[in-house]
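A.B. asks: What follows is query20.cif, made up of mmCIF, C-alpha atoms:
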data_data
#
loop_
_atom_site.label_atom_id
_atom_site.label_comp_id
_atom_site.auth_asym_id
_atom_site.auth_seq_id
_atom_site.Cartn_x
_atom_site.Cartn_y
_atom_site.Cartn_z
CA MET A 1 -0.27 1.88 3.92
CA LYS A 2 -3.61 1.94 5.73
CA VAL A 3 -5.19 2.79 9.07
CA CYS A 4 -8.11 0.83 10.47
CA TYR A 5 -10.12 2.75 13.08
CA VAL A 6 -12.09 0.35 15.26
CA ASP A 7 -14.93 0.79 17.74
CA GLU A 8 -17.69 -1.39 19.11
CA SER A 9 -21.27 -1.22 20.34
CA GLY A 10 -23.07 -3.51 22.76
CA ASN A 11 -20.66 -3.78 25.69
CA GLN A 12 -23.26 -4.42 28.37
CA ASP A 13 -23.78 -8.03 29.47
CA THR A 14 -27.50 -7.49 28.89
CA ASP A 15 -26.93 -6.64 25.21
CA PRO A 16 -27.67 -9.72 23.07
CA CYS A 17 -24.67 -9.13 20.82
CA LEU A 18 -21.53 -7.07 20.46
CA VAL A 19 -20.83 -5.45 17.08
CA MET A 20 -17.38 -4.16 16.13
CA VAL A 21 -16.58 -2.11 13.04
CA GLY A 22 -13.25 -1.22 11.48
CA LEU A 23 -13.09 1.77 9.12
CA LEU A 24 -10.22 0.97 6.74
CA ILE A 25 -8.65 4.06 5.18
CA ASP A 26 -5.66 4.45 2.88
CA THR A 27 -3.27 6.95 4.47
CA SER A 28 -3.03 8.88 1.18
CA ARG A 29 -6.73 9.76 1.55
CA LEU A 30 -6.87 10.17 5.31
CA ASN A 31 -6.31 13.91 5.52
CA ARG A 32 -9.21 14.69 3.17
CA SER A 33 -11.47 12.38 5.15
CA LYS A 34 -10.57 14.14 8.40
CA ILE A 35 -11.37 17.52 6.83
CA GLU A 36 -14.77 16.30 5.60
CA PHE A 37 -15.58 14.76 8.98
CA GLY A 38 -14.62 18.07 10.59
CA ASP A 39 -17.22 19.80 8.42
CA LEU A 40 -19.88 17.31 9.55
CA PHE A 41 -18.79 17.73 13.18
CA ASP A 42 -19.08 21.52 12.87
CA ARG A 43 -22.60 21.05 11.50
CA ALA A 44 -23.47 18.84 14.49
CA GLU A 45 -22.05 21.39 16.91
CA ALA A 46 -24.10 24.16 15.28
CA LEU A 47 -27.23 22.05 15.82
CA PHE A 48 -26.24 21.28 19.40
CA ARG A 49 -25.57 25.00 20.12
CA GLU A 50 -22.89 24.09 22.66
CA LYS A 51 -19.30 22.89 22.55
CA LEU A 52 -19.30 19.19 21.59
CA GLN A 53 -16.59 16.81 22.73
CA GLU A 54 -17.59 13.92 20.46
CA LEU A 55 -20.46 12.42 18.51
CA LYS A 56 -22.21 9.50 20.20
CA ALA A 57 -24.60 7.68 17.90
CA SER A 58 -27.22 6.61 20.44
CA ARG A 59 -27.50 10.12 21.88
CA ILE A 60 -27.91 11.70 18.46
CA VAL A 61 -30.48 9.26 17.05
CA PHE A 62 -32.47 8.72 20.27
CA GLY A 63 -32.25 12.35 21.37
CA ARG A 64 -30.57 11.78 24.70
CA GLY A 65 -28.81 14.31 26.92
CA GLY A 66 -28.33 17.67 25.24
CA TRP A 67 -29.68 16.25 21.96
CA ARG A 68 -33.18 15.94 23.43
CA SER A 69 -34.16 19.45 22.38
CA ILE A 70 -32.91 19.09 18.80
CA ASP A 71 -35.43 18.42 16.00
CA PRO A 72 -35.55 14.61 15.48
CA GLU A 73 -35.47 15.01 11.69
CA GLU A 74 -32.27 17.07 11.93
CA ARG A 75 -30.69 14.45 14.20
CA LYS A 76 -31.59 11.59 11.87
CA ARG A 77 -30.38 13.56 8.85
CA LEU A 78 -26.99 14.03 10.50
CA ALA A 79 -26.62 10.27 11.13
CA HIS A 80 -27.87 9.54 7.59
CA ASP A 81 -25.30 11.89 6.07
CA LEU A 82 -22.47 10.28 8.06
CA CYS A 83 -23.46 6.98 6.44
CA LEU A 84 -23.62 8.62 3.03
CA TRP A 85 -20.14 10.04 3.66
CA VAL A 86 -18.46 6.60 3.69
CA MET A 87 -20.02 5.82 0.30
CA ASP A 88 -18.70 9.08 -1.13
CA ARG A 89 -15.21 8.53 0.34
CA LYS A 90 -15.20 4.85 -0.73
CA HIS A 91 -13.61 3.60 2.48
CA ASP A 92 -14.02 -0.08 3.35
CA ILE A 93 -15.92 -1.24 6.40
CA LEU A 94 -14.80 -4.35 8.27
CA LEU A 95 -17.52 -5.95 10.38
CA THR A 96 -17.61 -8.57 13.09
CA ALA A 97 -20.32 -9.41 15.60
CA MET A 98 -20.91 -12.03 18.25
CA ASP A 99 -24.09 -13.31 19.84
CA ARG A 100 -23.49 -13.64 23.58
CA GLY A 101 -25.68 -16.71 23.93
CA LYS A 102 -24.00 -18.51 21.04
CA LEU A 103 -20.57 -17.54 22.35
CA ARG A 104 -21.26 -19.24 25.69
CA LYS A 105 -22.43 -22.41 23.95
CA LYS A 106 -19.54 -22.56 21.48
CA GLN A 107 -16.70 -22.86 24.00
CA HIS A 108 -14.49 -25.95 23.91
CA SER A 109 -11.00 -26.90 25.02
CA SER A 110 -9.41 -26.65 21.56
CA LEU A 111 -10.10 -22.91 21.28
CA PRO A 112 -7.46 -20.29 22.13
CA ALA A 113 -7.96 -18.59 25.50
CA PHE A 114 -9.03 -15.27 23.95
CA CYS A 115 -12.21 -16.88 22.58
CA THR A 116 -13.82 -16.68 26.03
CA ASP A 117 -13.69 -12.85 25.86
CA ILE A 118 -16.18 -11.29 23.45
CA TRP A 119 -14.22 -8.03 22.92
CA LEU A 120 -10.91 -9.80 22.29
CA SER A 121 -12.58 -12.30 19.97
CA CYS A 122 -14.08 -9.51 17.87
CA ALA A 123 -10.82 -7.54 17.85
CA VAL A 124 -8.84 -10.58 16.67
CA HIS A 125 -11.46 -11.17 13.96
CA ILE A 126 -10.98 -7.61 12.71
CA ALA A 127 -7.20 -8.16 12.59
CA LEU A 128 -7.68 -11.40 10.66
CA GLN A 129 -9.92 -9.62 8.16
CA VAL A 130 -7.26 -6.94 7.66
CA GLN A 131 -4.72 -9.67 7.00
CA LYS A 132 -6.96 -11.62 4.64
CA ALA A 133 -8.07 -8.57 2.66
CA ASN A 134 -4.58 -7.08 2.24
CA LYS A 135 -2.09 -9.95 2.18
CA ASN A 136 -1.81 -10.02 -1.62
CA LYS A 137 -1.41 -6.28 -2.17
CA PRO A 138 1.92 -5.51 -3.86
CA ARG A 139 4.81 -3.69 -2.19
CA ASN A 140 3.23 -3.88 1.28
CA LYS A 141 0.50 -1.41 0.35
CA GLY A 142 -1.88 -3.31 2.59
CA GLN A 143 0.14 -2.91 5.78
CA THR A 144 -2.23 -1.48 8.36
CA PHE A 145 -2.17 0.30 11.71
CA LEU A 146 -5.00 -0.92 13.95
CA VAL A 147 -6.37 1.91 16.11
CA PHE A 148 -8.97 1.12 18.79
CA ASP A 149 -11.00 3.32 21.09
CA GLU A 150 -9.14 3.50 24.38
CA ASN A 151 -9.41 0.28 26.39
CA LYS A 152 -6.06 -0.13 28.13
CA VAL A 153 -6.48 -3.58 29.71
CA LYS A 154 -8.03 -5.23 26.65
CA ALA A 155 -5.63 -3.52 24.24
CA ASP A 156 -2.59 -4.79 26.16
CA ARG A 157 -3.94 -8.35 25.95
CA LEU A 158 -4.73 -7.89 22.25
CA ALA A 159 -1.20 -6.63 21.58
CA GLU A 160 0.22 -9.86 23.01
CA ILE A 161 -2.10 -11.97 20.85
CA LEU A 162 -1.17 -10.06 17.70
CA TRP A 163 2.53 -10.32 18.56
CA ASP A 164 2.34 -14.08 18.91
CA PRO A 165 -0.96 -15.28 17.40
CA PRO A 166 -2.01 -18.90 17.97
CA GLY A 167 -1.56 -21.26 15.03
CA TRP A 168 -5.35 -21.72 15.09
CA THR A 169 -5.65 -18.40 13.23
CA ASP A 170 -3.30 -19.30 10.34
CA ASP A 171 -5.86 -21.04 8.16
CA TYR A 172 -8.23 -18.10 8.37
CA TYR A 173 -6.08 -16.22 5.85
CA GLU A 174 -4.27 -19.24 4.34
CA ARG A 175 -0.94 -18.31 5.78
CA ASP A 176 2.08 -19.36 3.77
CA ARG A 177 4.54 -21.07 6.11
CA ARG A 178 7.29 -18.76 4.85
CA GLN A 179 5.17 -15.76 5.78
CA GLU A 180 5.29 -14.05 9.16
CA PRO A 181 1.92 -14.32 10.96
CA LEU A 182 -0.32 -11.27 10.62
CA ASN A 183 2.38 -9.47 8.66
CA GLN A 184 -0.10 -6.89 7.36
CA VAL A 185 -0.78 -5.63 10.90
CA ILE A 186 1.89 -3.10 11.83
CA ASP A 187 3.59 -3.72 15.19
CA THR A 188 0.64 -3.92 17.57
CA ALA A 189 -2.80 -2.50 18.37
CA PHE A 190 -2.84 1.22 19.14
CA THR A 191 -5.44 3.06 21.20
CA VAL A 192 -6.74 6.60 21.15
CA LYS A 193 -9.34 8.60 23.07
CA SER A 194 -12.45 8.76 20.90
CA HIS A 195 -12.81 12.54 21.25
CA HIS A 196 -9.29 12.86 19.79
CA ALA A 197 -10.11 10.83 16.66
CA GLY A 198 -13.06 11.60 14.44
CA MET A 199 -12.74 8.34 12.51
CA ILE A 200 -13.24 6.39 15.76
CA GLN A 201 -16.50 8.30 16.24
CA VAL A 202 -17.58 7.33 12.73
CA ALA A 203 -16.80 3.66 13.48
CA ASP A 204 -18.87 4.00 16.67
CA LEU A 205 -21.85 5.26 14.65
CA TYR A 206 -21.65 2.40 12.16
CA ALA A 207 -21.25 -0.21 14.90
CA TRP A 208 -24.26 1.18 16.73
CA ILE A 209 -26.43 1.24 13.60
CA LEU A 210 -25.54 -2.36 12.76
CA ARG A 211 -26.18 -3.41 16.36
CA ARG A 212 -29.63 -1.79 16.34
CA TYR A 213 -30.32 -3.54 13.03
CA ALA A 214 -29.49 -6.89 14.63
CA GLU A 215 -31.48 -6.10 17.78
CA ILE A 216 -34.60 -5.30 15.78
CA VAL A 217 -34.30 -7.92 13.02
CA GLU A 218 -32.79 -10.87 14.90
CA TYR A 219 -33.68 -10.31 18.53
CA GLY A 220 -37.14 -8.81 18.14
CA MET A 221 -36.49 -5.65 20.13
CA THR A 222 -39.09 -2.91 19.80
CA GLU A 223 -38.46 0.44 18.15
CA GLU A 224 -37.34 3.30 20.38
CA PHE A 225 -39.31 5.70 18.19
CA SER A 226 -41.86 5.35 15.42
CA GLY A 227 -40.08 4.69 12.14
CA GLU A 228 -36.78 3.59 13.70
CA ASP A 229 -36.85 0.29 11.79
CA ARG A 230 -37.16 2.11 8.46
CA PHE A 231 -34.47 4.62 9.39
CA ILE A 232 -32.00 1.92 10.50
CA ASN A 233 -32.66 -0.11 7.35
CA ASP A 234 -31.99 2.94 5.16
CA CYS A 235 -28.65 3.47 6.92
CA VAL A 236 -27.71 -0.21 6.63
CA LYS A 237 -28.42 -0.15 2.88
CA MET A 238 -25.74 2.51 2.53
CA LEU A 239 -23.22 0.84 4.83
CA ARG A 240 -23.50 -2.59 3.22
CA LYS A 241 -22.25 -1.12 -0.07
CA ARG A 242 -18.88 -0.48 1.61
CA LEU A 243 -18.66 -3.74 3.59
CA SER A 244 -15.69 -5.94 2.82
CA GLY A 245 -16.65 -9.10 0.93
CA ARG A 246 -18.36 -11.87 2.85
CA ALA A 247 -15.48 -14.22 2.02
CA THR A 248 -13.29 -11.95 4.15
CA ARG A 249 -15.72 -11.82 7.09
CA TRP A 250 -17.91 -14.91 7.25
CA PRO A 251 -17.11 -17.20 4.28
CA LYS A 252 -19.94 -19.47 3.15
CA ARG A 253 -17.51 -22.35 2.80
CA ALA A 254 -15.22 -22.25 5.78
CA ASP A 255 -12.14 -24.44 5.27
CA SER A 256 -10.65 -23.15 8.52
CA ALA A 257 -11.60 -24.04 12.09
CA ALA A 258 -11.22 -20.36 13.04
CA ALA A 259 -13.48 -19.14 10.24
CA GLU A 260 -16.04 -21.81 11.07
CA TRP A 261 -16.06 -20.72 14.71
CA PHE A 262 -16.45 -17.02 13.90
CA ASN A 263 -19.33 -17.94 11.58
CA SER A 264 -21.01 -20.01 14.27
CA VAL A 265 -21.24 -17.21 16.85
CA ALA A 266 -22.31 -14.38 14.50
CA PRO A 267 -25.86 -12.99 14.36
CA LYS A 268 -27.27 -14.44 11.14
CA CYS A 269 -28.94 -11.23 9.98
CA LEU A 270 -25.52 -9.54 9.82
CA VAL A 271 -23.95 -12.51 8.02
CA ARG A 272 -26.68 -12.22 5.38
CA LEU A 273 -25.74 -8.63 4.59
CA GLY A 274 -23.33 -10.13 2.04
#
Please lay out the structure from this file as structure tokens.

C.D. replies:
Amino acid sequence: MKVCYVDESGNQDTDPCLVMVGLLIDTSRLNRSKIEFGDLFDRAEALFREKLQELKASRIVFGRGGWRSIDPEERKRLAHDLCLWVMDRKHDILLTAMDRGKLRKKQHSSLPAFCTDIWLSCAVHIALQVQKANKNKPRNKGQTFLVFDENKVKADRLAEILWDPPGWTDDYYERDRRQEPLNQVIDTAFTVKSHHAGMIQVADLYAWILRRYAEIVEYGMTEEFSGEDRFINDCVKMLRKRLSGRATRWPKRADSAAAEWFNSVAPKCLVRLG
């Protein structure tokens, strides 16, 4: 059994894209991962010199709020080591992203209603990746709890979609007609406050790093500090080693209308990560 902790970055309408990351962890290894994250959190709190509620990627890397007085090299090293951690723990990273401009242009009457909402579209794509990656695991070892950062209204709508997904999604994971839809997703989508769940904070960091990568590489945004491009690229090199296969996320040959649509609205620099 697995847990997929999901968070996103780029929620503002002015952001060119939204990036959502799922950190997929086998429950047999979850406790050790929480302990190791706790050690990293304690290190961050010692740097911060005050009680920390949670780690927010943009504040750490850009030195915002109480992080402003912390040595930039120490801040970057902390973010770097959180990326190194996922390589050491060998957890899988599920990735989806949507370009807001492309999303507006790719609307048509044959699409399910959720495709007009960027957050719901990304969340459904994560669920489909969970299903596709795990559907052939023996003895239901791929069954997965989806846990999102708290978003009550969106999560309630997502729960209804996962309970009764449109047939449009079936081809994405080559559903057998004898198989229950999304049978690797357990019950519904759960939510948790990010400061209660360290793995959500890790997913937030990875989503933010991949969003900044897209903003710099694809959208031509300028660096917030000298050397940011190099730093972000170094982090992405680590994260891409744990990304689920491209065939799970954005298959090169899409034999499904759903897969083709998700491909069409994704930032190309993220698709090319492999």

A.B. asks: At a cut-off of 7 Å from (-7.0, 2.4, 6.3) in the coordinates of the file, what residues are picked up using only C-alpha atoms, written as a CSV table (one decimal) with C-alpha atoms, in the coordinates of the input?

C.D. replies:
chain,number,residue,atom,x,y,z
A,2,LYS,CA,-3.6,1.9,5.7
A,3,VAL,CA,-5.2,2.8,9.1
A,4,CYS,CA,-8.1,0.8,10.5
A,23,LEU,CA,-13.1,1.8,9.1
A,24,LEU,CA,-10.2,1.0,6.7
A,25,ILE,CA,-8.6,4.1,5.2
A,26,ASP,CA,-5.7,4.4,2.9
A,27,THR,CA,-3.3,7.0,4.5
A,144,THR,CA,-2.2,-1.5,8.4

A.B. asks: Can you work out which one of A:Lys135, A:Arg157, A:Arg75, A:His196 has the shortest atom-to-atom distance to Ala113 (chain A), counting all atoms listed in the file?

C.D. replies: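 Comparing A:Lys135, A:Arg157, A:Arg75, A:His196 against Ala113 (chain A), the winner is A:Arg157.
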
A.B. asks: Show me the residues close to (-8.9, -6.9, 9.4) - anything with an atom within 9 Å, counting only C-alpha atoms - and format the list as a VMD selection string.

C.D. replies: chain A and resid 4 22 24 94 to 95 123 to 134 144 146 185 248 to 249

A.B. asks: I'd like the interatomic distance between CA of Asp156 (chain A) and CA of Asp7 (chain A), to a tenth of an Å.

C.D. replies: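 Atom-to-atom, CA of Asp156 (chain A) to CA of Asp7 (chain A), that is 15.9 Å.
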
A.B. asks: Let me know the residues the PyMOL selection byres ((chain A and resi 235) around 12) catches in the file above, as an MDAnalysis selection string.

C.D. replies: chainID A and resid 61 76:87 205:213 228:234 236:242

A.B. asks: Expressed in Å to a single decimal, how great is the separation between CA of Gln12 (chain A) and CA of Ala97 (chain A)?

C.D. replies: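 Interatomic distance, CA of Gln12 (chain A) to CA of Ala97 (chain A): 14.0 Å.
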
A.B. asks: Given the choices A:Ala254, A:Asp204, A:Glu160, A:Gln184, which gets closest to Arg59 (chain A) if the distance is worked out from only C-alpha atoms?

C.D. replies: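 That would be A:Asp204, the residue with the smallest distance to Arg59 (chain A).
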
A.B. asks: Using only C-alpha atoms, find the one residue out of A:Gly220, A:Gly63, A:Asn136, A:Val192 that sits nearest to Asp176 (chain A).

C.D. replies: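 Between A:Gly220, A:Gly63, A:Asn136, A:Val192, the residue approaching Asp176 (chain A) most closely is A:Asn136.
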
A.B. asks: Could you check how far CA of Pro166 (chain A) sits from CA of Pro112 (chain A), in Å to one decimal?

C.D. replies: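 Pair CA of Pro166 (chain A) / CA of Pro112 (chain A) returns 7.0 Å.
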
A.B. asks: So that I can see what lies close to region 162-164 of chain A, please list as a PyMOL selection string the residues with an atom at most 8 Å from it, counting only C-alpha atoms and leaving out residues fewer than 2 positions away in the same chain.

C.D. replies: chain A and resi 124+158-160+166+181-182+187-189

A.B. asks: Which residue, A:Leu47, A:Val202, A:Cys17, A:Ile93, has the smallest gap to Trp119 (chain A) when you use only C-alpha atoms?

C.D. replies: A:Cys17

A.B. asks: Restricting the calculation to all atoms listed in the file, which member of A:Met1, A:Ala247, A:Ala44, A:Ala214 is positioned closest to Ile186 (chain A)?

C.D. replies: A:Met1

A.B. asks: Of the candidates A:Gly227, A:Ala259, A:Glu218, A:Pro16, which one gets nearest to Tyr173 (chain A) if we count all atoms listed in the file?

C.D. replies: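 Checking each of A:Gly227, A:Ala259, A:Glu218, A:Pro16 against Tyr173 (chain A), counting all atoms listed in the file, the winner is A:Ala259.
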
A.B. asks: Take the PyMOL selection byres ((chain A and resi 13) around 12), run it mentally on this structure, and tell me the resulting residues as a PyMOL selection string.

C.D. replies: chain A and resi 9-12+14-18+99-101+117-119
